[in-house]
Amino acid sequence: MATISEGTLLWEPTEERKKSSGMFRYMQWLGERRGLAFDDYHALWQWSVDQLEDFWETVWEYTQVQASVPYTKVLEKREMPGARWFTGARLNYAEHIFRNFRAEKPALFFRSEHHPLTTITWDELRKQTASVSNALKRLGVKPGDRVVAYMPNIPQTVIAFLACASIGAVWSSCSPDFGTPSVIDRFKQIEPKILFAVDGYRYNGKPHDRMSVVADLQAALPSLEKTVLVPYLDERTDAKLPHHAVLWDDLLQTDGELSFEQVPFDHPLWVLYSSGTTGLPKPIVQGQGGILIEQLKSFVIQNSITEDDRFFWFTTTGWMMWNFLVGTLLAGAAIILYDGSPAYPDIDVLWDLAEKSGMTYFGTSAGYIATCMKAGADPGKKYDLSKLKALGSTGSPLTPEGFAWVYEHVKQDLWLASASGGTDVCTAFVGGSPLLPVRAGEIQCRSLGVKVEAFDEQGQPLIDEVGELVVTEPMPSMPLYFWNDPDGRRYKESYFDMYPGVWRHGDWIKITSRGSCIIYGRSDSTINRHGVRMGTSEIYQAVESLDEVLDSLIVDLELLGRPSFLPLFVVLKPGVVLDEQLKAAIKDKIRKEVSPRHVPDEIYAVEQIPRTLNGKKMEVPIRRILLGHPLEKAVNPDSMSNPESLPFFIELAKSLNEIG
């Protein structure tokens, strides 16, 4: 595969594989029930976005959504924001998961750095969810109450979420590697009643005690009425409990059957967080029904997941891929959870997990594939991956070389489904189809029911050219609203400012004439590291709290075809020198208060941070300059308050692009 380049054909599904796919079965069903016939996937996609209401109605019927009260209309109006789907329907997300109940069949597999591979059956999952659900009710949790988790990717987190969903409570989670201020900034906005938390976790073989953070969260969240502690780092149940806390095992002693509160289609299911460049992280509210029908489409139809699958995605609870992973239970699949470093004790740990768990779908990131390439990993020769049918990649663009490595070193007969989506919709805008070939560097298609286009600056669609990724028709999983945004102003500013009535996501995309897609990285200033997006304001808050730092600017230079690079620029107090000790202090501050994923690769001292005439940091223009865009296309110096700050960045761009 020495001649691999963008567009090189790498794999094609056999006729047998096509006909056994959920996509093919859905198309057959459309022919039998609706008299619809399509020549290929792209014709099906075109119908799904042109006849939006008909498409989503067929998804409802085909996947047999159960509603205690039927809907009166599929879509009130085709408008964004404000689209209302399946009005009148009442249902429950968790109920649809447990309709796949098969008592002794595995529902969860779990492994961590200090726990061997274990299995939880559907019977155990239902019993524990029932206990936690009834215990929460006894603690006063009602529909609409917020329940938050400071927990890693472990079975208890899945169970706690399903218990909340069964009640109609609103779930939200942060990974315990998030810094305390970042967690408080998220949870405080939604005023939770219950906190689930671990005492600590292990990563790269090292213990990380989190009891002091739990105490900080309790102190910072006055709405909390009870904390549920999961002894995970130290499993002794005689561990000292924080104030107003109970142990996880105490909840499991609660008796009672599992019941499902019937809630409106647009009742909140969870709050996810996607950060902007200023202010607090955006608390994105997504609905029980919208997520349910989007995930049923994604798993049962788009990705052909069945009850025979064992589905894995390497993720933390702070990334939307955790919510996506849990959703595969809707298709009856068993999900595989892993907590720990993907490179400890070595880079083969996840491939070993794939063999031992009988994994059929391996979900990862482009960054992990690049790490395996650099480490010289050869999992296809070292491990029995005979049950592995598909590999998913997201989080950042996968290069043609990354595609080639998968087919050379993992498995030749493998469906490689690269995808790109967002926390904001908790799904993929563009992704895979089991009916289409796989070409190097390309995402196979636009997802069914998602009218993705590439727009130029005037709002005109482009083909075979790079433009802004936009969605021009509503989706069921789009945010209902942002928490504490009563007039919707922040919501509208986040997605609809550039093109009124059209969702602008903040990615560069090219849609090819054959219907495939290529993502080129962020078109805005959000920092995307290892799939976790973080607003720059959180990083500035941490960095500029140091006495030595007066001002700062950070940009993400992640772009298809070049190494990921995250530089931070700081203005220091007079007389302060940016030595190795100060660099270490800045990185440590970001690691502890924001996230270890967002520690910069390099720190530069500058005299000034470029700003607009009204004082805003010029993140996007500087990012464009550093990526090699011509100065006249990247920034207008007349719009700046300090154009004299630009020469440093122009010179740095030359050296970076020589290296890149």
# chains A, B, ... in the order shown; residues from 1 in each chain; ligands from 1

$ select_by_dssp --residues "segment 301-440 of chain A" --states "helix (DSSP H, G or I)" --output "MDAnalysis selection string"
chainID A and resid 301:302 320:331 349:357 366:375 379:382 400:409

$ residues_around --residues "Pro345 of chain A" --least-positions-apart "5" --cutoff "9 Å" --atoms "only C-alpha atoms" --output "MDAnalysis selection string"
chainID A and resid 113 204:205

$ closest_residue --among "A:Ser223, A:Ser298, A:Thr328, A:Thr427" --to "Ala107 of chain A" --atoms "only C-alpha atoms"
A:Thr328

$ atom_distance --atom1 "atom CA of Gly501 of chain A" --atom2 "atom CA of Pro81 of chain A"
7.0 Å

$ closest_residue --among "A:Glu538, A:Asp266, A:Asp40, A:Asp339" --to "Phe110 of chain A" --atoms "only C-alpha atoms"
A:Asp339

$ select_by_dssp --residues "segment 126-310 of chain A" --states "strand (DSSP E or B)" --output "number ranges by chain"
A: 146-150, 170-174, 194-198, 200-203, 206-209, 226-230, 245-247, 263-264, 268-274, 282-287, 310

$ closest_atom_pairs --of "segment 98-178 of chain A" --to "segment 183-198 of chain A" --cutoff "6 Å" --atoms "only C-alpha atoms" --output "tab-separated table"
residue	atom	partner	partner_atom	distance
A:Arg146	CA	A:Pro192	CA	4.5
A:Val147	CA	A:Ile194	CA	4.9
A:Val148	CA	A:Leu195	CA	5.0
A:Ala149	CA	A:Phe196	CA	4.5
A:Tyr150	CA	A:Ala197	CA	4.7
A:Met151	CA	A:Ala197	CA	5.4

$ residues_around --residues "Ser655 of chain A" --least-positions-apart "3" --cutoff "12 Å" --atoms "only C-alpha atoms" --output "list in words"
Ile625, Leu626, Leu627, Gly628, Phe648, Phe649, Ile650, Glu651, Leu652, Glu658, Ile659 and Gly660 of chain A

$ write_last_selection --atoms "N, CA and C atoms" --output "compact mmCIF listing (two decimals), in the first residue's frame"
# COMPACT_ATOMS: atom_id res chain seq x y z
N ILE A 625 -3.46 32.30 10.33
CA ILE A 625 -2.09 32.70 10.01
C ILE A 625 -1.13 31.54 10.28
N LEU A 626 -1.27 30.91 11.45
CA LEU A 626 -0.35 29.84 11.85
C LEU A 626 -0.53 28.58 11.00
N LEU A 627 -1.71 28.42 10.40
CA LEU A 627 -1.93 27.28 9.50
C LEU A 627 -1.43 27.56 8.09
N GLY A 628 -0.92 28.79 7.85
CA GLY A 628 -0.31 29.09 6.57
C GLY A 628 -1.16 29.86 5.60
N PHE A 648 5.26 38.70 14.97
CA PHE A 648 5.72 37.50 15.67
C PHE A 648 5.01 36.26 15.12
N PHE A 649 3.70 36.34 14.94
CA PHE A 649 2.92 35.19 14.50
C PHE A 649 3.18 34.87 13.02
N ILE A 650 3.45 35.90 12.23
CA ILE A 650 3.77 35.67 10.81
C ILE A 650 5.08 34.90 10.69
N GLU A 651 6.09 35.30 11.48
CA GLU A 651 7.38 34.60 11.45
C GLU A 651 7.26 33.18 11.99
N LEU A 652 6.47 33.01 13.06
CA LEU A 652 6.28 31.67 13.63
C LEU A 652 5.59 30.77 12.61
N GLU A 658 7.13 25.13 7.63
CA GLU A 658 8.30 24.43 7.09
C GLU A 658 8.40 23.05 7.72
N ILE A 659 8.12 23.00 9.05
CA ILE A 659 8.16 21.72 9.77
C ILE A 659 6.99 20.84 9.35
N GLY A 660 5.74 21.47 9.32
CA GLY A 660 4.52 20.72 9.00
C GLY A 660 4.52 20.17 7.59

$ closest_residue --among "A:Tyr604, A:Cys517, A:Pro476, A:Asp255" --to "Arg78 of chain A" --atoms "only C-alpha atoms"
A:Pro476

$ atom_distance --atom1 "atom CA of Leu139 of chain A" --atom2 "atom CA of Thr254 of chain A"
11.4 Å

$ closest_residue --among "A:Gly421, A:Gly140, A:Gly200, A:Pro242" --to "Ala215 of chain A" --atoms "only C-alpha atoms"
A:Pro242

$ atom_distance --atom1 "atom CA of Glu16 of chain A" --atom2 "atom CA of Val406 of chain A"
22.5 Å

$ residues_around --residues "Glu473 of chain A" --least-positions-apart "2" --cutoff "8 Å" --atoms "only C-alpha atoms" --output "VMD selection string"
chain A and resid 49 78 to 80 450 to 451 471 475 502

$ residues_around --residues "Val594 of chain A" --least-positions-apart "5" --cutoff "12 Å" --atoms "only C-alpha atoms" --output "JSON, numbers by chain"
{"A": [174, 175, 176, 177, 178, 179, 180, 181, 182, 183, 184, 185, 186, 275, 281, 532, 533, 534, 535, 536, 537, 538, 539, 540, 541, 542, 543, 586, 587, 588, 589, 599, 600]}

$ write_last_selection --atoms "C-alpha atoms" --output "PDB file, in the first residue's frame"
ATOM      1  CA  CYS A 174     -17.810  14.794  34.011  1.00  0.00           C
ATOM      2  CA  SER A 175     -14.764  12.598  33.922  1.00  0.00           C
ATOM      3  CA  PRO A 176     -12.741  12.609  37.180  1.00  0.00           C
ATOM      4  CA  ASP A 177      -9.656  13.761  35.264  1.00  0.00           C
ATOM      5  CA  PHE A 178     -11.340  17.143  34.761  1.00  0.00           C
ATOM      6  CA  GLY A 179     -10.007  19.821  37.072  1.00  0.00           C
ATOM      7  CA  THR A 180     -12.200  20.979  39.962  1.00  0.00           C
ATOM      8  CA  PRO A 181     -13.010  24.442  38.508  1.00  0.00           C
ATOM      9  CA  SER A 182     -14.036  22.888  35.182  1.00  0.00           C
ATOM     10  CA  VAL A 183     -16.435  20.489  36.909  1.00  0.00           C
ATOM     11  CA  ILE A 184     -17.917  23.222  39.120  1.00  0.00           C
ATOM     12  CA  ASP A 185     -18.382  25.507  36.096  1.00  0.00           C
ATOM     13  CA  ARG A 186     -20.468  22.773  34.483  1.00  0.00           C
ATOM     14  CA  SER A 275     -17.557  25.234  25.376  1.00  0.00           C
ATOM     15  CA  PRO A 281     -19.373  26.067  29.151  1.00  0.00           C
ATOM     16  CA  VAL A 532     -12.846  16.404  23.874  1.00  0.00           C
ATOM     17  CA  ARG A 533     -13.761  19.982  22.976  1.00  0.00           C
ATOM     18  CA  MET A 534     -12.961  22.722  25.434  1.00  0.00           C
ATOM     19  CA  GLY A 535     -13.572  26.442  25.271  1.00  0.00           C
ATOM     20  CA  THR A 536     -10.568  28.720  25.332  1.00  0.00           C
ATOM     21  CA  SER A 537     -12.053  30.794  28.161  1.00  0.00           C
ATOM     22  CA  GLU A 538     -11.523  27.941  30.628  1.00  0.00           C
ATOM     23  CA  ILE A 539      -7.849  27.732  29.703  1.00  0.00           C
ATOM     24  CA  TYR A 540      -7.416  31.515  29.955  1.00  0.00           C
ATOM     25  CA  GLN A 541      -9.008  31.500  33.392  1.00  0.00           C
ATOM     26  CA  ALA A 542      -6.457  28.968  34.635  1.00  0.00           C
ATOM     27  CA  VAL A 543      -3.385  30.488  32.946  1.00  0.00           C
ATOM     28  CA  ILE A 586       1.586  26.834  33.482  1.00  0.00           C
ATOM     29  CA  LYS A 587       1.132  23.293  32.148  1.00  0.00           C
ATOM     30  CA  ASP A 588       0.469  21.947  35.626  1.00  0.00           C
ATOM     31  CA  LYS A 589      -2.163  24.634  36.206  1.00  0.00           C
ATOM     32  CA  VAL A 599      -2.016  20.943  28.075  1.00  0.00           C
ATOM     33  CA  PRO A 600      -0.224  22.921  25.320  1.00  0.00           C
TER      34      PRO A 600
END

$ closest_residue --among "A:Tyr232, A:Phe565, A:Phe299, A:Trp122" --to "Val59 of chain A" --atoms "only C-alpha atoms"
A:Phe299

$ closest_atom_pairs --of "segment 402-454 of chain A" --to "segment 361-367 of chain A" --cutoff "10 Å" --atoms "only C-alpha atoms" --output "JSON lines"
{"residue": "A:Gly402", "atom": "CA", "partner": "A:Ala366", "partner_atom": "CA", "distance": 7.3}
{"residue": "A:Phe403", "atom": "CA", "partner": "A:Ala366", "partner_atom": "CA", "distance": 9.4}
{"residue": "A:Leu414", "atom": "CA", "partner": "A:Tyr361", "partner_atom": "CA", "distance": 9.8}
{"residue": "A:Trp415", "atom": "CA", "partner": "A:Tyr361", "partner_atom": "CA", "distance": 9.4}
{"residue": "A:Leu416", "atom": "CA", "partner": "A:Phe362", "partner_atom": "CA", "distance": 9.6}
{"residue": "A:Ala417", "atom": "CA", "partner": "A:Gly363", "partner_atom": "CA", "distance": 9.2}
{"residue": "A:Ser418", "atom": "CA", "partner": "A:Ala366", "partner_atom": "CA", "distance": 8.8}
{"residue": "A:Ala419", "atom": "CA", "partner": "A:Ser365", "partner_atom": "CA", "distance": 9.7}

$ write_last_selection --atoms "C-alpha atoms" --output "compact mmCIF listing (two decimals), in the first residue's frame"
# COMPACT_ATOMS: atom_id res chain seq x y z
CA GLY A 402 -4.13 6.16 9.12
CA PHE A 403 -6.62 4.40 6.84
CA LEU A 414 -12.83 -4.69 7.93
CA TRP A 415 -15.39 -1.93 7.57
CA LEU A 416 -13.53 1.25 8.56
CA ALA A 417 -16.22 3.80 9.43
CA SER A 418 -14.65 7.20 9.99
CA ALA A 419 -17.18 9.69 11.34

$ closest_residue --among "A:Val214, A:Leu337, A:Leu656, A:Cys372" --to "His115 of chain A" --atoms "only C-alpha atoms"
A:Leu337

$ residues_around --residues "Pro637 of chain A" --least-positions-apart "5" --cutoff "9 Å" --atoms "only C-alpha atoms" --output "short mmCIF file (atom, residue, chain, number, x, y, z; two decimals) with all heavy atoms, in the first residue's frame"
data_model
loop_
_atom_site.label_atom_id
_atom_site.label_comp_id
_atom_site.auth_asym_id
_atom_site.auth_seq_id
_atom_site.Cartn_x
_atom_site.Cartn_y
_atom_site.Cartn_z
N THR A 612 -9.02 42.72 18.63
CA THR A 612 -9.86 43.54 17.75
C THR A 612 -9.98 44.95 18.34
O THR A 612 -9.54 45.21 19.46
CB THR A 612 -11.26 42.94 17.61
OG1 THR A 612 -11.89 42.93 18.90
CG2 THR A 612 -11.20 41.53 17.08
N GLU A 632 -3.50 38.45 3.99
CA GLU A 632 -4.64 39.26 3.54
C GLU A 632 -5.97 38.49 3.63
O GLU A 632 -7.04 39.09 3.71
CB GLU A 632 -4.42 39.77 2.12
CG GLU A 632 -4.31 38.70 1.04
CD GLU A 632 -2.89 38.15 0.89
OE1 GLU A 632 -2.03 38.44 1.77
OE2 GLU A 632 -2.64 37.46 -0.10
N ASN A 642 -4.12 46.52 17.82
CA ASN A 642 -2.66 46.46 17.93
C ASN A 642 -2.06 45.64 16.78
O ASN A 642 -1.51 44.56 17.00
CB ASN A 642 -2.25 45.88 19.28
CG ASN A 642 -2.88 44.51 19.54
OD1 ASN A 642 -3.80 44.08 18.84
ND2 ASN A 642 -2.37 43.81 20.54
N PRO A 643 -2.14 46.13 15.55
CA PRO A 643 -1.59 45.36 14.42
C PRO A 643 -0.09 45.11 14.54
O PRO A 643 0.44 44.19 13.91
CB PRO A 643 -1.91 46.24 13.20
CG PRO A 643 -2.16 47.61 13.75
CD PRO A 643 -2.74 47.40 15.11
N GLU A 644 0.58 45.88 15.39
CA GLU A 644 2.03 45.66 15.59
C GLU A 644 2.32 44.32 16.27
O GLU A 644 3.48 43.89 16.35
CB GLU A 644 2.63 46.81 16.40
CG GLU A 644 2.16 46.90 17.85
CD GLU A 644 0.86 47.67 18.04
OE1 GLU A 644 0.18 47.97 17.02
OE2 GLU A 644 0.51 47.95 19.20
N LEU A 646 1.29 41.46 15.11
CA LEU A 646 1.22 40.39 14.11
C LEU A 646 2.57 39.80 13.67
O LEU A 646 2.65 38.60 13.40
CB LEU A 646 0.45 40.86 12.87
CG LEU A 646 -1.06 41.03 13.04
CD1 LEU A 646 -1.66 41.57 11.74
CD2 LEU A 646 -1.71 39.71 13.41
#
